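Engineer: This structure is in structure tokens; I'll ask about it shortly.
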Amino acid sequence: MVWILLFPLIGAAGLALGRNHLSPRLIGTLGSGAVGAAFLVALSALASYNRAGEPLVQTVFTWAKGSGFEVSFGLLGDPISLWWLVVVTGVGFLIHVYASEYMAEDPGVGRFFAKLNYFVFAMSLLVLADNFVGLLIGWANVGLASFMLIGFWNYKPEAAAAAKKAFLLNVIGEVGIILGLALMFMEFRSLTFAEVFAKVGEADPGVLTGIGLLLLVGATAKSAQLPLFTWLPDAMQGPTPVSALMHAATMVTAGVYLMARAFPIYQASEAALTAVAWVGALTALTGAVVATRQVDIKRVLAYSTMSQLGYMMLGAGVGAYTASLFHFFTHAFFKALLFLGAGMIAHYLHGEQDIRRMGGLAKKQPFVYWTFLIGVLAIAGAPPFAGFFSKDEILGAVLEEGHVVLWVIGVVVAGLTAYYMTRLFALVFAGEPAQEHGHGHESGVAMKLPVAVLALLSAVSGLIAIPGVTAVPAHFLEPAFLRYGHHVPHAGIGWPVAVVLIAAAAGAYLAAKAYGPGGAARQALVATAGTPPRGALANAFYIDDLYQKGVGGLVTGISIVVGRGVDPYVIDGAVNGIAMVAKDIAEGLRRLHGGYVRRYALTLFAGVAVFMIYYILI
Amino acid sequence: MNGDMVQGYVALSGILFVIGACGLMVRRSPLVMLMCVEIMLNAANLAFVAFARYLGNMEGHVFTFLVVTVAAAEVAIGLAVIVLLFRKRDAADVDDVNTLRG
Amino acid sequence: MTAVLWIAGALAIAGALGVVIAKTPVHSVISLVVNILSLAALFLSLQAEFLALIQVIIYAGAIMILFLFVIALLTARRDPVERSEGKLEGQRELGIVTAVAGGVLMIAVAFAAGLGRMPAREALPAGFGSAAAFGRELLTTHILSFELTAFVLMAAVIGVVVLVGRRQL
């Protein structure tokens, strides 16, 4: 199992060292090969697990051994981690292949693949660790990889700023996690999953709630939940393969992984669990609402990711872990598909990403048209595509657990999702082109093949989860949760499903009407091409500006006060002041030495007189 | 002298000493300052002799004699220095000799 | 013989004050001679005959003459220095204050020290203060000091010659 980690790590190191000596094709092949090998190992681990029926445990090395206790670093292959691994390495492999063509002309291609491999390594470490410390190490490294890859084109100031923003917000999350782990250690005296989860029953409920909330802070930052999401739209500055792999399919789901992994803690604390659910629901709503007004393809998809992650958190927040994880699974496929398709469009249009300038691509790029359509249908929840099954499982479980308000929010979000995706699709593909682009740059096999595979998966993967009939994910994942006594709720097919379908259909219809060929909103929107979008929705309720000006201003203000005020006057003043005092004392004492003999005599006799007074009178 | 108290001589010695010290601090001519030093030495001599009489011990006298001898040597050297001072700088004011300042 | 003490004492004090107050160096020297002679008288009243002799011969006779010669050599035509403004402020006042304070303290010490009366003349050892007794004391118990003093004198002579002697003879 440890080879899953080592293949990408070796790939990263090798590519980093050889980045200037190898041809782009070789780089692409090596990078993809490393991840592909990891994927194969993951599959074999899956097979071993299925044979054994017990989670796989592998100790990598022993950190410390004392009398009676042993601290070791190990890997855990249980359903949850294997589930994530297969997605990370599999989708990662496909995206690496795509990127080998997409990034072929970029001068930094070696650097790119090295960093991408490094990311796969870090993400695998995150999900494979058998203790919270390993998880945190993976978490931090994933944040580093994100920083490196968002700011990949480091000559672009926006990219550098975006990378910085992502890292800062992530650090806030990490602080939350570290505090949570500190509490955990104080309470349980251990940080391995097995030991902690075994003792949850005896722990103090208040402490458990605290731990749960603190870990939630970390998940909020990493998974771009409200209110720490502002980095995700800006993260689109990175190359599209990065957006696809990290900020859609895998990295951002680390928060969901954490929620699922630490489920015994959340099951023991009602308050923390409710917090998770509400954070998820509100994020889903906000993301969907803001997405309806975005004009850049990738930003629409970014907010869409935020919204879908909200769904996953909602699922985890009501205890429906299998549904949540299954939605992660399907979302990875169709979101990666959508991003890679957007990349192909941008490739074709020489870098254009503003949808107000697109249109009519249906005829010019039929391959992209069909695959993108599959992605849109999947995310909107149209049967029999994957999104339908996963979304409805979550919403069904929410309702079954009795959270009506949350369910209503979820339904509204489903409608909005259909709306904005249809809007995007219509503006990009339907009707007549808004502007002429000249001869386009057609994509090659290396890009088309992964997209085709992802389209296929988006289409059919739903079928493995038909409740009652196949239900593969449920059966696979449930033992992990039953281990610590949690029964995952199931939803059947009933009237709630119909409600969701109606909502989605309504949303799609409205969007098609407004933004389809000849639609009034379409013309109005296209006319604004070239200007940045205005309005509260388009600017995500100005939350980002609030952070920039509020927190940023506060920090800058403190820095100015300290730098211009405290430092020169107080600190330098104190140090210089001490020097001044010494100097003044010295100057004063100096006068004793005037060189005047008579003065010396006076001093002498005065001193004697003083002594005499002292001895005689006192 | 029966009945004579030694305190009178000691007090007188103190007064003379202090007068000498005052002169040393106040006057600016080096010659006069040297003379004030002589006054102080004499005052000390007086105290020695008084106590020698009080204790019936001649050692006080011996010490006085030694003081006188040393005072003579010191005056000789002091005057030589003053002569040099006058030659070099025409300094009649001791305050002008302050090049050893700190 | 307290009368001797009072008169000679007053003269001594007057002489000392005269040194401090006098306007010209020559006047200072004269006052100092008065002081020394009064002290010689006081020594006599304390049975220190030999010492009184020494005081007159050496102090008044040699040292003061030396002073006079040097004064004559150096400041014959000069204005006394204290005519001009002084450089150190406050020195005068502080000096006087210190001196007065010290004086008061000394007197206080003298009278508060619990000293008794001097012994009677008959109780003194025979030949107290005479040259013979003095010589015996000096050359037996304090012979080392004697030799060292001789050394000091020699050093003084050499020093003077080195300092102010003419280079070419």
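Within each chain, counting starts at residue 1; across the structure tokens, chains are named A, B, ... in the order shown, with ligands numbered 1 upward in that order.
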Could you please write out, as a PyMOL selection string, every residue of chain B that DSSP assigns to helix (DSSP H, G or I)?
Structural biologist: chain B and resi 6-26+30-55+59-89+94-96
Engineer: Restrict the selected residues to C-alpha atoms and save them as an mmCIF file, in the first residue's frame.
Structural biologist:
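Listed below is the output, selection17.cif:
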data_model
loop_
_atom_site.group_PDB
_atom_site.id
_atom_site.type_symbol
_atom_site.label_atom_id
_atom_site.label_comp_id
_atom_site.auth_asym_id
_atom_site.auth_seq_id
_atom_site.Cartn_x
_atom_site.Cartn_y
_atom_site.Cartn_z
ATOM 1 C CA VAL B 6 44.168 67.232 75.732
ATOM 2 C CA GLN B 7 40.948 68.101 73.946
ATOM 3 C CA GLY B 8 41.955 71.655 73.482
ATOM 4 C CA TYR B 9 45.073 70.719 71.581
ATOM 5 C CA VAL B 10 43.170 68.227 69.457
ATOM 6 C CA ALA B 11 40.463 70.718 68.658
ATOM 7 C CA LEU B 12 43.067 73.282 67.734
ATOM 8 C CA SER B 13 44.732 70.781 65.497
ATOM 9 C CA GLY B 14 41.401 70.136 63.791
ATOM 10 C CA ILE B 15 40.761 73.823 63.279
ATOM 11 C CA LEU B 16 44.162 74.406 61.775
ATOM 12 C CA PHE B 17 43.751 71.425 59.479
ATOM 13 C CA VAL B 18 40.420 72.644 58.224
ATOM 14 C CA ILE B 19 41.779 76.110 57.601
ATOM 15 C CA GLY B 20 44.499 74.597 55.521
ATOM 16 C CA ALA B 21 42.003 72.518 53.571
ATOM 17 C CA CYS B 22 39.851 75.550 52.922
ATOM 18 C CA GLY B 23 42.812 77.453 51.627
ATOM 19 C CA LEU B 24 43.698 74.579 49.383
ATOM 20 C CA MET B 25 40.278 74.600 47.820
ATOM 21 C CA VAL B 26 39.851 78.343 47.558
ATOM 22 C CA PRO B 30 50.101 77.287 43.335
ATOM 23 C CA LEU B 31 52.559 78.722 45.830
ATOM 24 C CA VAL B 32 49.843 79.576 48.305
ATOM 25 C CA MET B 33 48.309 76.159 47.826
ATOM 26 C CA LEU B 34 51.593 74.553 48.734
ATOM 27 C CA MET B 35 51.736 76.643 51.859
ATOM 28 C CA CYS B 36 48.278 75.484 52.823
ATOM 29 C CA VAL B 37 49.508 71.931 52.556
ATOM 30 C CA GLU B 38 52.211 72.876 55.040
ATOM 31 C CA ILE B 39 49.597 74.196 57.396
ATOM 32 C CA MET B 40 47.800 70.890 57.261
ATOM 33 C CA LEU B 41 50.954 68.951 57.940
ATOM 34 C CA ASN B 42 51.695 71.129 60.904
ATOM 35 C CA ALA B 43 48.274 70.623 62.280
ATOM 36 C CA ALA B 44 48.783 66.891 62.153
ATOM 37 C CA ASN B 45 52.111 67.290 63.891
ATOM 38 C CA LEU B 46 50.447 69.162 66.695
ATOM 39 C CA ALA B 47 48.012 66.347 67.215
ATOM 40 C CA PHE B 48 50.807 63.813 67.332
ATOM 41 C CA VAL B 49 52.755 65.755 69.923
ATOM 42 C CA ALA B 50 49.690 66.320 72.050
ATOM 43 C CA PHE B 51 48.935 62.639 72.153
ATOM 44 C CA ALA B 52 52.550 61.789 72.824
ATOM 45 C CA ARG B 53 52.333 63.910 75.945
ATOM 46 C CA TYR B 54 48.989 62.411 76.862
ATOM 47 C CA LEU B 55 50.300 58.881 76.616
ATOM 48 C CA GLU B 59 56.960 57.716 69.508
ATOM 49 C CA GLY B 60 54.724 60.599 68.626
ATOM 50 C CA HIS B 61 57.745 62.830 68.571
ATOM 51 C CA VAL B 62 59.605 60.507 66.267
ATOM 52 C CA PHE B 63 56.736 60.459 63.874
ATOM 53 C CA THR B 64 56.515 64.207 63.927
ATOM 54 C CA PHE B 65 60.151 64.425 63.060
ATOM 55 C CA LEU B 66 59.679 62.122 60.110
ATOM 56 C CA VAL B 67 56.746 64.203 58.920
ATOM 57 C CA VAL B 68 58.841 67.314 59.030
ATOM 58 C CA THR B 69 61.574 65.654 57.033
ATOM 59 C CA VAL B 70 59.227 64.415 54.384
ATOM 60 C CA ALA B 71 57.514 67.766 54.257
ATOM 61 C CA ALA B 72 60.843 69.361 53.522
ATOM 62 C CA ALA B 73 61.522 66.961 50.676
ATOM 63 C CA GLU B 74 58.069 67.495 49.321
ATOM 64 C CA VAL B 75 58.347 71.238 49.396
ATOM 65 C CA ALA B 76 61.568 71.016 47.475
ATOM 66 C CA ILE B 77 60.067 68.950 44.732
ATOM 67 C CA GLY B 78 56.842 70.957 44.726
ATOM 68 C CA LEU B 79 58.689 74.187 44.255
ATOM 69 C CA ALA B 80 60.731 72.675 41.478
ATOM 70 C CA VAL B 81 57.524 71.719 39.708
ATOM 71 C CA ILE B 82 56.107 75.175 40.212
ATOM 72 C CA VAL B 83 59.234 76.678 38.745
ATOM 73 C CA LEU B 84 58.829 74.473 35.749
ATOM 74 C CA LEU B 85 55.212 75.472 35.442
ATOM 75 C CA PHE B 86 56.088 79.118 35.469
ATOM 76 C CA ARG B 87 58.811 78.576 32.911
ATOM 77 C CA LYS B 88 56.635 76.649 30.492
ATOM 78 C CA ARG B 89 53.306 78.324 30.626
ATOM 79 C CA VAL B 94 46.341 76.532 38.872
ATOM 80 C CA ASP B 95 43.109 76.247 36.930
ATOM 81 C CA ASP B 96 44.995 76.663 33.701
#
Engineer: Write out as JSON lines a residue-level contact list of chain C versus chain A with cut-off 9 Å: for each qualifying residue the closest pair of atoms and the distance in Å to one decimal, counting only C-alpha atoms, rows sorted by chain and residue number upward.
Structural biologist:
{"residue": "C:Leu88", "atom": "CA", "partner": "A:Arg599", "partner_atom": "CA", "distance": 8.0}
{"residue": "C:Gln91", "atom": "CA", "partner": "A:Arg599", "partner_atom": "CA", "distance": 7.2}
{"residue": "C:Leu94", "atom": "CA", "partner": "A:Leu602", "partner_atom": "CA", "distance": 7.7}
{"residue": "C:Gly95", "atom": "CA", "partner": "A:Leu602", "partner_atom": "CA", "distance": 6.2}
{"residue": "C:Thr98", "atom": "CA", "partner": "A:Ala606", "partner_atom": "CA", "distance": 5.8}
{"residue": "C:Ala99", "atom": "CA", "partner": "A:Phe605", "partner_atom": "CA", "distance": 8.0}
{"residue": "C:Ala101", "atom": "CA", "partner": "A:Ala609", "partner_atom": "CA", "distance": 7.1}
{"residue": "C:Gly102", "atom": "CA", "partner": "A:Ala609", "partner_atom": "CA", "distance": 5.6}
{"residue": "C:Leu105", "atom": "CA", "partner": "A:Met612", "partner_atom": "CA", "distance": 7.4}
{"residue": "C:Met106", "atom": "CA", "partner": "A:Met612", "partner_atom": "CA", "distance": 8.8}
{"residue": "C:Val109", "atom": "CA", "partner": "A:Ile616", "partner_atom": "CA", "distance": 7.7}
Engineer: When you get a sec, could you note down which chain C residues fall within 6 Å of chain B, using only C-alpha atoms, as a VMD selection string?
Structural biologist: chain C and resid 20 92 95 to 96 99 103 106 to 107 110 to 111 117 to 118 120 to 121 124 138 153 156 160
Engineer: Listing only residues of segment 326-375 of chain A within 8 Å of segment 243-250 of chain A, what is the closest atom pair and its distance in Å (to one decimal) for each, using only C-alpha atoms, sorted by chain and residue number ascending, as CSV?
Structural biologist:
residue,atom,partner,partner_atom,distance
A:Phe328,CA,A:Ala249,CA,7.8
A:His331,CA,A:Ala249,CA,6.9
A:Ala332,CA,A:Ala249,CA,4.1
A:Phe333,CA,A:Ala249,CA,7.3
A:Lys335,CA,A:Ala248,CA,6.1
A:Ala336,CA,A:Ala244,CA,4.9
A:Leu337,CA,A:Ala244,CA,7.9
A:Phe339,CA,A:Ala244,CA,5.3
A:Leu340,CA,A:Ala244,CA,6.5
Engineer: Find the spatial neighbours of Gly444 of chain A, counting only C-alpha atoms, within a cut-off of 12 Å - ignore same-chain residues fewer than 3 positions away - and output them as a ChimeraX atom specification.
Structural biologist: /A:97-102,104,344,347-348,367-368,441,447-451
Engineer: Restricting the output to C-alpha atoms, write the selected residues as a PDB file, in the first residue's frame.
Structural biologist:
ATOM      1  CA  VAL A  97      -2.936  12.315 -19.478  1.00  0.00           C
ATOM      2  CA  TYR A  98      -5.058  15.299 -20.447  1.00  0.00           C
ATOM      3  CA  ALA A  99      -2.483  17.702 -19.105  1.00  0.00           C
ATOM      4  CA  SER A 100       0.313  16.052 -21.037  1.00  0.00           C
ATOM      5  CA  GLU A 101      -1.183  17.610 -24.135  1.00  0.00           C
ATOM      6  CA  TYR A 102      -2.748  20.689 -22.595  1.00  0.00           C
ATOM      7  CA  ALA A 104       2.820  20.563 -23.674  1.00  0.00           C
ATOM      8  CA  MET A 344     -10.828  22.257 -24.379  1.00  0.00           C
ATOM      9  CA  HIS A 347      -7.841  25.781 -25.977  1.00  0.00           C
ATOM     10  CA  TYR A 348      -9.976  26.031 -29.052  1.00  0.00           C
ATOM     11  CA  PHE A 367     -17.139  16.279 -29.318  1.00  0.00           C
ATOM     12  CA  VAL A 368     -16.971  18.899 -26.615  1.00  0.00           C
ATOM     13  CA  HIS A 441      -7.224  25.096 -32.201  1.00  0.00           C
ATOM     14  CA  MET A 447      -7.145  15.400 -24.344  1.00  0.00           C
ATOM     15  CA  LYS A 448     -10.157  13.770 -25.856  1.00  0.00           C
ATOM     16  CA  LEU A 449      -9.663  10.321 -24.468  1.00  0.00           C
ATOM     17  CA  PRO A 450      -9.759  11.175 -20.760  1.00  0.00           C
ATOM     18  CA  VAL A 451     -12.746  13.392 -21.391  1.00  0.00           C
TER      19      VAL A 451
END
Engineer: So which residues touch segment 407-422 of chain A within 7 Å, counting only C-alpha atoms, skipping near sequence neighbours fewer than 3 positions away, as a PyMOL selection string?
Structural biologist: chain A and resi 281+284-285+288-289+291-292+376+380+395+398-399+403-404+425-426+500+503-504+506-508+510-512
Engineer: Okay, now the selection with N, CA and C atoms, as a tab-separated table (two decimals), in the first residue's frame?
Structural biologist:
chain	number	residue	atom	x	y	z
A	281	ALA	N	-25.49	23.24	4.01
A	281	ALA	CA	-26.68	23.71	3.30
A	281	ALA	C	-26.54	25.15	2.86
A	284	ALA	N	-24.16	25.48	0.02
A	284	ALA	CA	-24.75	25.02	-1.24
A	284	ALA	C	-25.62	26.11	-1.83
A	285	LEU	N	-26.42	26.73	-0.99
A	285	LEU	CA	-27.32	27.77	-1.45
A	285	LEU	C	-26.55	28.97	-2.01
A	288	ALA	N	-24.75	28.27	-5.31
A	288	ALA	CA	-25.64	28.17	-6.46
A	288	ALA	C	-26.14	29.55	-6.85
A	289	VAL	N	-26.52	30.34	-5.87
A	289	VAL	CA	-27.07	31.66	-6.16
A	289	VAL	C	-26.04	32.53	-6.89
A	291	ALA	N	-23.51	31.55	-8.57
A	291	ALA	CA	-23.13	31.00	-9.88
A	291	ALA	C	-24.04	31.48	-10.99
A	292	THR	N	-25.27	31.87	-10.64
A	292	THR	CA	-26.19	32.27	-11.69
A	292	THR	C	-25.78	33.57	-12.35
A	376	VAL	N	-23.41	18.32	-17.91
A	376	VAL	CA	-24.46	19.21	-17.41
A	376	VAL	C	-25.65	18.40	-16.93
A	380	ALA	N	-27.01	18.34	-13.09
A	380	ALA	CA	-28.35	18.84	-12.82
A	380	ALA	C	-29.24	17.78	-12.20
A	395	LEU	N	-30.56	13.98	-0.51
A	395	LEU	CA	-31.76	14.70	-0.12
A	395	LEU	C	-32.76	13.77	0.54
A	398	VAL	N	-31.72	13.29	4.07
A	398	VAL	CA	-31.98	14.49	4.87
A	398	VAL	C	-33.43	14.51	5.33
A	399	LEU	N	-34.32	14.23	4.40
A	399	LEU	CA	-35.73	14.27	4.76
A	399	LEU	C	-36.08	13.18	5.76
A	403	HIS	N	-35.05	16.58	8.80
A	403	HIS	CA	-34.66	17.99	8.70
A	403	HIS	C	-35.35	18.62	7.52
A	404	VAL	N	-36.56	19.09	7.74
A	404	VAL	CA	-37.35	19.57	6.62
A	404	VAL	C	-36.77	20.83	6.00
A	425	PHE	N	-24.48	26.39	-20.47
A	425	PHE	CA	-24.48	25.56	-21.68
A	425	PHE	C	-25.04	26.33	-22.86
A	426	ALA	N	-26.14	27.03	-22.61
A	426	ALA	CA	-26.78	27.76	-23.70
A	426	ALA	C	-25.86	28.85	-24.23
A	500	VAL	N	-37.73	16.84	-6.43
A	500	VAL	CA	-36.41	17.31	-6.88
A	500	VAL	C	-36.37	17.40	-8.39
A	503	ALA	N	-38.18	20.40	-9.63
A	503	ALA	CA	-37.40	21.62	-9.40
A	503	ALA	C	-36.31	21.77	-10.44
A	504	ALA	N	-35.60	20.68	-10.69
A	504	ALA	CA	-34.51	20.75	-11.67
A	504	ALA	C	-35.03	21.08	-13.05
A	506	ALA	N	-37.72	22.65	-13.83
A	506	ALA	CA	-38.17	24.05	-13.87
A	506	ALA	C	-36.98	24.98	-14.07
A	507	GLY	N	-35.93	24.71	-13.33
A	507	GLY	CA	-34.76	25.56	-13.46
A	507	GLY	C	-34.19	25.52	-14.86
A	508	ALA	N	-34.07	24.33	-15.39
A	508	ALA	CA	-33.50	24.20	-16.73
A	508	ALA	C	-34.36	24.92	-17.75
A	510	LEU	N	-36.43	27.48	-17.35
A	510	LEU	CA	-36.33	28.92	-17.24
A	510	LEU	C	-35.04	29.43	-17.88
A	511	ALA	N	-33.98	28.72	-17.62
A	511	ALA	CA	-32.70	29.16	-18.16
A	511	ALA	C	-32.68	29.06	-19.67
A	512	ALA	N	-33.24	27.97	-20.15
A	512	ALA	CA	-33.24	27.79	-21.61
A	512	ALA	C	-34.03	28.89	-22.27
